[in-house]
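Written below as structure tokens is the structure these notes are about.
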Amino acid sequence: MAESRFAPAVGAWSAGLGRLRDVVRQEVLVDQLRAVLGAPRPGATVLDVGCGQGTQAIQLARAGHRVVGLDLSEDLLERFEVSLAAEPPDVAERVRLVHAEASTAHNLPGAPFEVVLCHGVLMYVDDLADFAKSLSAAAGDPGTLSLLVRNGLAPAMRDGLLGNASDALRAFDSLEYVNRLGIAAKAHTPELLDSKFVPLGWRRDCWYGVRVFTDHRDEDAPSMEVLAPMLRAEAEAGRRDPYRQVAALLHVVYRRGAETPGAGTVAVELG
């Protein structure tokens with residue numbers, strides 16, 4: 001399972017929180033989610049599968065969404081609880097945390113959920129088709145599914161930017177890689193995701209790139225005032241071809257059932 005494979009690297013993941021790469025990922029993603037989800041719907045709940053330390057879940061709760069955060073890592077959920085305790089009571093009361101495997105999401109109280117987020121999890125899943133069925137069962141109809149995956153359209157970019165020429169050459173023809181945490185993982189393309197989710201009744205609504213210009217930047221994040229122009233550039237690149245095609249991560253959004261307002265993109269779809 002994704003969670004058990006990730007568990008030994010939780011410390012390394014936590015050490016990277018707040019660094020430039022992490023801040024760019026989180027800030028760009030929250031802007032994309034704001035456009036995708038729109039205003040909170042009365043009575044609706046967002047399920048965040050693999051919520052980790054809760055960065056996105058807390059942002060959604062601040063915006064008025066009710067959120068269930070699901071994760072198998074006790075360490076990350078403890079971080080989440082500490083962050084949540086610092087929030088105003090009305091924000092904290094909109095969040096419920098569950099310690100369980102992602103594959104059990106469809107059995108949670110409150111399922112099915114109008115919105116299901118699964119960010120940074122699919123790269124660790126061995127059987128994508130089976131996991132897609134679990135996510136689909138956790139989501140409502142109509143529903144929205146937000147996936148964040150490693151970009152399989154340009155898997156050599158990260159090693160190339162870091163100057164790892166030999167690893168970049170090996171990456172051109174493979175979706176398998178070892179990430180910075182030392183974990184074997186898989187990249188995905190929009191078309192590969194389509195092959196698993198479209199047969200389950202989902203249609204791809206839009207997709208974005210995340211971290212186009214800063215994937216190789218591992219320094220401490222500057223102040224938000226200094227970082228703001230870069231975030232604007234990252235947000236714009238994430239909506240446009242060819243830039244989004246070489247991003248480190250892809251944010252792919254699916255819908256099913258009744259038409260719901262989405263962000264769309266300004267770029268031409270691939271395939």
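Every chain in the structure tokens takes a letter, A first, then B, and so on in the order presented; its residues are numbered from 1, and the ligands are numbered from 1 following the presented order.
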
Quick one: everything within 6 Å of range 97-106 of chain A, counting only C-alpha atoms, minus sequence neighbours fewer than 2 positions away in the same chain. Send it as a PyMOL selection string.
-> chain A and resi 49+68-72+108+111+134+137-138

Running DSSP on the backbone, which parts of range 84-263 of chain A land in helix (DSSP H, G or I), as a compact mmCIF listing (two decimals) with N, CA and C atoms, in the first residue's frame?
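selection-v8.txt written:
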```txt
# COMPACT_ATOMS: atom_id res chain seq x y z
N LEU A 84 -4.10 22.68 13.46
CA LEU A 84 -5.53 22.93 13.59
C LEU A 84 -5.86 23.62 14.90
N ALA A 85 -5.12 23.29 15.96
CA ALA A 85 -5.36 23.90 17.27
C ALA A 85 -5.07 25.40 17.26
N PRO A 89 -11.82 28.71 16.26
CA PRO A 89 -12.71 27.58 16.53
C PRO A 89 -13.63 27.22 15.37
N ASP A 90 -14.13 28.22 14.64
CA ASP A 90 -15.05 27.90 13.56
C ASP A 90 -14.36 27.18 12.42
N VAL A 91 -13.05 27.39 12.25
CA VAL A 91 -12.29 26.65 11.24
C VAL A 91 -12.03 25.23 11.73
N ALA A 92 -11.55 25.11 12.96
CA ALA A 92 -11.21 23.80 13.51
C ALA A 92 -12.42 22.87 13.55
N ALA A 102 -5.99 4.65 3.01
CA ALA A 102 -6.74 5.33 1.95
C ALA A 102 -7.77 4.42 1.30
N SER A 103 -7.46 3.14 1.22
CA SER A 103 -8.36 2.21 0.54
C SER A 103 -9.67 2.00 1.29
N THR A 104 -9.76 2.49 2.53
CA THR A 104 -10.99 2.34 3.31
C THR A 104 -11.89 3.56 3.20
N ALA A 105 -11.52 4.53 2.36
CA ALA A 105 -12.23 5.81 2.32
C ALA A 105 -13.71 5.66 2.05
N HIS A 106 -14.09 4.69 1.22
CA HIS A 106 -15.50 4.56 0.85
C HIS A 106 -16.36 4.05 2.01
N ASN A 107 -15.71 3.57 3.09
CA ASN A 107 -16.45 3.07 4.25
C ASN A 107 -16.58 4.11 5.36
N LEU A 122 -1.00 8.73 -5.45
CA LEU A 122 -1.06 7.74 -6.53
C LEU A 122 0.32 7.28 -6.99
N MET A 123 1.35 8.09 -6.81
CA MET A 123 2.69 7.68 -7.22
C MET A 123 3.21 6.50 -6.42
N TYR A 124 2.59 6.20 -5.28
CA TYR A 124 3.01 5.09 -4.44
C TYR A 124 2.07 3.88 -4.52
N LEU A 128 -3.17 0.74 -9.78
CA LEU A 128 -3.90 1.98 -10.00
C LEU A 128 -5.37 1.73 -10.29
N ALA A 129 -5.67 0.68 -11.05
CA ALA A 129 -7.07 0.39 -11.40
C ALA A 129 -7.89 0.09 -10.14
N ASP A 130 -7.34 -0.70 -9.24
CA ASP A 130 -8.06 -1.05 -8.02
C ASP A 130 -8.21 0.17 -7.12
N PHE A 131 -7.16 0.99 -7.02
CA PHE A 131 -7.23 2.17 -6.17
C PHE A 131 -8.22 3.17 -6.75
N ALA A 132 -8.28 3.28 -8.07
CA ALA A 132 -9.25 4.17 -8.71
C ALA A 132 -10.67 3.78 -8.33
N LYS A 133 -10.93 2.49 -8.24
CA LYS A 133 -12.26 2.03 -7.85
C LYS A 133 -12.58 2.44 -6.42
N SER A 134 -11.58 2.37 -5.53
CA SER A 134 -11.79 2.78 -4.14
C SER A 134 -12.09 4.27 -4.04
N LEU A 135 -11.32 5.09 -4.76
CA LEU A 135 -11.57 6.53 -4.74
C LEU A 135 -12.94 6.84 -5.32
N SER A 136 -13.27 6.16 -6.41
CA SER A 136 -14.56 6.39 -7.07
C SER A 136 -15.72 6.05 -6.15
N ALA A 137 -15.57 4.97 -5.38
CA ALA A 137 -16.63 4.56 -4.46
C ALA A 137 -16.79 5.55 -3.31
N ALA A 138 -15.72 6.28 -2.98
CA ALA A 138 -15.81 7.26 -1.89
C ALA A 138 -16.46 8.56 -2.34
N MET A 157 12.72 15.75 -16.59
CA MET A 157 12.97 17.16 -16.28
C MET A 157 13.67 17.36 -14.94
N ARG A 158 13.19 16.69 -13.89
CA ARG A 158 13.76 16.93 -12.56
C ARG A 158 15.24 16.61 -12.54
N ASP A 159 15.62 15.42 -13.01
CA ASP A 159 17.04 15.06 -12.99
C ASP A 159 17.85 15.95 -13.92
N GLY A 160 17.24 16.35 -15.04
CA GLY A 160 17.95 17.25 -15.94
C GLY A 160 18.24 18.59 -15.29
N LEU A 161 17.25 19.15 -14.59
CA LEU A 161 17.43 20.43 -13.92
C LEU A 161 18.46 20.34 -12.79
N ALA A 165 22.63 13.92 -15.31
CA ALA A 165 22.45 13.56 -16.72
C ALA A 165 22.16 12.07 -16.91
N SER A 166 22.86 11.21 -16.19
CA SER A 166 22.66 9.77 -16.37
C SER A 166 21.24 9.37 -15.97
N ASP A 167 20.76 9.92 -14.85
CA ASP A 167 19.40 9.61 -14.40
C ASP A 167 18.37 10.20 -15.36
N ALA A 168 18.66 11.37 -15.90
CA ALA A 168 17.74 11.97 -16.87
C ALA A 168 17.63 11.10 -18.12
N LEU A 169 18.74 10.57 -18.59
CA LEU A 169 18.71 9.72 -19.78
C LEU A 169 17.88 8.46 -19.53
N ARG A 170 18.00 7.89 -18.32
CA ARG A 170 17.20 6.70 -17.99
C ARG A 170 15.73 7.03 -17.86
N ALA A 171 15.41 8.26 -17.50
CA ALA A 171 14.02 8.62 -17.22
C ALA A 171 13.19 8.85 -18.47
N PRO A 190 -1.99 12.40 -18.04
CA PRO A 190 -3.45 12.53 -18.05
C PRO A 190 -4.13 11.37 -18.76
N GLU A 191 -3.53 10.92 -19.85
CA GLU A 191 -4.14 9.82 -20.60
C GLU A 191 -4.14 8.52 -19.81
N LEU A 192 -3.07 8.26 -19.05
CA LEU A 192 -3.03 7.06 -18.21
C LEU A 192 -4.10 7.13 -17.13
N LEU A 193 -4.26 8.28 -16.52
CA LEU A 193 -5.32 8.44 -15.52
C LEU A 193 -6.70 8.26 -16.16
N ASP A 194 -6.87 8.83 -17.35
CA ASP A 194 -8.15 8.66 -18.06
C ASP A 194 -8.50 7.19 -18.24
N SER A 195 -7.50 6.38 -18.56
CA SER A 195 -7.76 4.97 -18.84
C SER A 195 -8.32 4.23 -17.64
N LYS A 196 -8.08 4.74 -16.43
CA LYS A 196 -8.59 4.10 -15.22
C LYS A 196 -9.86 4.76 -14.69
N PHE A 197 -9.99 6.08 -14.86
CA PHE A 197 -11.12 6.78 -14.25
C PHE A 197 -12.30 6.98 -15.20
N VAL A 198 -12.06 7.16 -16.48
CA VAL A 198 -13.17 7.34 -17.41
C VAL A 198 -14.10 6.13 -17.44
N PRO A 199 -13.60 4.89 -17.44
CA PRO A 199 -14.51 3.73 -17.40
C PRO A 199 -15.38 3.67 -16.14
N LEU A 200 -15.00 4.43 -15.11
CA LEU A 200 -15.77 4.46 -13.87
C LEU A 200 -16.79 5.60 -13.86
N MET A 224 6.65 35.89 1.74
CA MET A 224 5.61 35.84 0.72
C MET A 224 5.67 37.05 -0.18
N GLU A 225 6.10 38.19 0.34
CA GLU A 225 6.23 39.39 -0.49
C GLU A 225 7.25 39.17 -1.60
N VAL A 226 8.37 38.54 -1.26
CA VAL A 226 9.41 38.26 -2.24
C VAL A 226 8.96 37.15 -3.19
N LEU A 227 8.25 36.17 -2.66
CA LEU A 227 7.85 35.01 -3.45
C LEU A 227 6.67 35.28 -4.38
N ALA A 228 5.89 36.31 -4.11
CA ALA A 228 4.65 36.56 -4.84
C ALA A 228 4.81 36.58 -6.36
N PRO A 229 5.81 37.27 -6.92
CA PRO A 229 5.94 37.26 -8.39
C PRO A 229 6.19 35.86 -8.95
N MET A 230 6.99 35.06 -8.25
CA MET A 230 7.24 33.70 -8.71
C MET A 230 5.97 32.86 -8.66
N LEU A 231 5.16 33.04 -7.62
CA LEU A 231 3.91 32.30 -7.53
C LEU A 231 2.97 32.67 -8.67
N ARG A 232 2.94 33.94 -9.03
CA ARG A 232 2.10 34.35 -10.16
C ARG A 232 2.60 33.72 -11.46
N ALA A 233 3.93 33.68 -11.62
CA ALA A 233 4.49 33.05 -12.82
C ALA A 233 4.21 31.56 -12.84
N GLU A 234 4.34 30.91 -11.69
CA GLU A 234 4.05 29.47 -11.60
C GLU A 234 2.57 29.19 -11.91
N ALA A 235 1.69 30.02 -11.38
CA ALA A 235 0.26 29.83 -11.62
C ALA A 235 -0.06 29.97 -13.10
N GLU A 236 0.53 30.95 -13.75
CA GLU A 236 0.27 31.16 -15.17
C GLU A 236 0.84 30.02 -16.01
N ALA A 237 2.06 29.60 -15.69
CA ALA A 237 2.67 28.49 -16.42
C ALA A 237 1.87 27.20 -16.26
N GLY A 238 1.31 27.00 -15.07
CA GLY A 238 0.55 25.79 -14.81
C GLY A 238 -0.73 25.67 -15.60
N ARG A 239 -1.18 26.79 -16.20
CA ARG A 239 -2.41 26.77 -17.00
C ARG A 239 -2.13 26.68 -18.51
N TYR A 243 4.13 24.88 -21.11
CA TYR A 243 4.77 24.92 -19.80
C TYR A 243 4.25 23.85 -18.85
N ARG A 244 2.94 23.69 -18.79
CA ARG A 244 2.39 22.72 -17.83
C ARG A 244 2.85 21.31 -18.14
N GLN A 245 3.21 21.04 -19.39
CA GLN A 245 3.64 19.70 -19.77
C GLN A 245 4.98 19.31 -19.16
N VAL A 246 5.78 20.29 -18.72
CA VAL A 246 7.09 19.97 -18.14
C VAL A 246 7.12 20.27 -16.64
```

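If you measure from each of A:Asp218, A:Ala139, A:Ser146, A:Glu93 to Arg34 in chain A using only C-alpha atoms, the closest one turns out to be A:Ser146.
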
Within 10 Å of Asp220 in chain A, counting only C-alpha atoms, which residues show up once you throw out same-chain ones fewer than 6 positions away? Write them as a PyMOL selection string, please.
-> chain A and resi 16-23

Using only C-alpha atoms: which of A:Leu249, A:Leu147, A:Ala154, A:Val121 has the shortest distance to Asp205 in chain A = A:Leu147

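Using only C-alpha atoms, the smallest distance between any of A:Val125, A:Ala63, A:Leu181, A:Cys118 and His251 in chain A comes from A:Cys118.
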
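Counting only C-alpha atoms, the residue from A:Asp141, A:Asp126, A:Glu114, A:Glu87 that sits nearest to Leu37 in chain A is A:Glu114.
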
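With distances restricted to only C-alpha atoms, A:His216 is the closest residue to Asn164 in chain A from A:His216, A:Glu176, A:Val95, A:Thr189.
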
Neighbour list for Arg255 in chain A as a short mmCIF file (atom, residue, chain, number, x, y, z; two decimals) with N, CA and C atoms, in the first residue's frame, cut-off 8 Å, only C-alpha atoms, skip fewer than 3 positions in-chain:
```
data_model
loop_
_atom_site.label_atom_id
_atom_site.label_comp_id
_atom_site.auth_asym_id
_atom_site.auth_seq_id
_atom_site.Cartn_x
_atom_site.Cartn_y
_atom_site.Cartn_z
N PRO A 142 -23.59 13.50 -8.42
CA PRO A 142 -22.39 14.13 -8.98
C PRO A 142 -21.26 14.27 -7.98
N GLY A 143 -20.06 14.40 -8.53
CA GLY A 143 -18.90 14.53 -7.67
C GLY A 143 -17.71 15.10 -8.42
N THR A 144 -16.69 15.47 -7.64
CA THR A 144 -15.46 16.01 -8.18
C THR A 144 -14.29 15.25 -7.56
N LEU A 145 -13.32 14.93 -8.39
CA LEU A 145 -12.13 14.19 -7.97
C LEU A 145 -10.90 14.99 -8.37
N TRP A 202 -16.14 8.90 -14.88
CA TRP A 202 -15.56 10.22 -14.71
C TRP A 202 -15.18 10.81 -16.06
N ARG A 203 -15.23 12.14 -16.16
CA ARG A 203 -14.72 12.85 -17.33
C ARG A 203 -13.68 13.85 -16.85
N ARG A 204 -12.59 13.93 -17.59
CA ARG A 204 -11.55 14.88 -17.23
C ARG A 204 -12.04 16.29 -17.52
N ASP A 205 -12.06 17.12 -16.48
CA ASP A 205 -12.58 18.48 -16.60
C ASP A 205 -11.48 19.47 -16.95
N GLU A 259 -23.62 18.59 -14.41
CA GLU A 259 -22.59 19.57 -14.73
C GLU A 259 -22.32 20.46 -13.52
N THR A 260 -21.06 20.66 -13.23
CA THR A 260 -20.66 21.54 -12.14
C THR A 260 -19.66 22.53 -12.68
#
```

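CA of Gly54 in chain A is found 11.1 Å from CA of His119 in chain A.
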
Residues of range 109-157 of chain A in strand (DSSP E) according to DSSP, as a PyMOL selection string?
-> chain A and resi 113-119+139-150

Could those selected residues go to a file with C-alpha atoms, as a PDB file, in the first residue's frame?
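Final output, saved to again.pdb:
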```
ATOM      1  CA  PHE A 113     -18.358  12.748  -0.527  1.00  0.00           C
ATOM      2  CA  GLU A 114     -19.095  15.499  -3.024  1.00  0.00           C
ATOM      3  CA  VAL A 115     -15.372  16.217  -3.444  1.00  0.00           C
ATOM      4  CA  VAL A 116     -12.456  13.791  -3.024  1.00  0.00           C
ATOM      5  CA  LEU A 117      -8.857  15.026  -3.014  1.00  0.00           C
ATOM      6  CA  CYS A 118      -6.007  12.569  -3.495  1.00  0.00           C
ATOM      7  CA  HIS A 119      -2.771  14.544  -3.656  1.00  0.00           C
ATOM      8  CA  ALA A 139     -17.052  10.035  -4.187  1.00  0.00           C
ATOM      9  CA  GLY A 140     -20.617  11.071  -4.820  1.00  0.00           C
ATOM     10  CA  ASP A 141     -22.498  11.291  -8.083  1.00  0.00           C
ATOM     11  CA  PRO A 142     -22.393  14.128  -8.983  1.00  0.00           C
ATOM     12  CA  GLY A 143     -18.898  14.527  -7.674  1.00  0.00           C
ATOM     13  CA  THR A 144     -15.456  16.007  -8.175  1.00  0.00           C
ATOM     14  CA  LEU A 145     -12.133  14.189  -7.973  1.00  0.00           C
ATOM     15  CA  SER A 146      -8.856  16.121  -7.611  1.00  0.00           C
ATOM     16  CA  LEU A 147      -5.632  14.179  -8.212  1.00  0.00           C
ATOM     17  CA  LEU A 148      -2.044  15.380  -7.805  1.00  0.00           C
ATOM     18  CA  VAL A 149       0.523  13.098  -9.454  1.00  0.00           C
ATOM     19  CA  ARG A 150       4.136  13.138 -10.616  1.00  0.00           C
TER      20      ARG A 150
END
```

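Straight-line separation from CA of Gly64 in chain A to CA of Leu29 in chain A: 17.2 Å.
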
Between CA of Arg41 in chain A and CA of Arg66 in chain A, what is the spacing in Å?
-> 9.3 Å
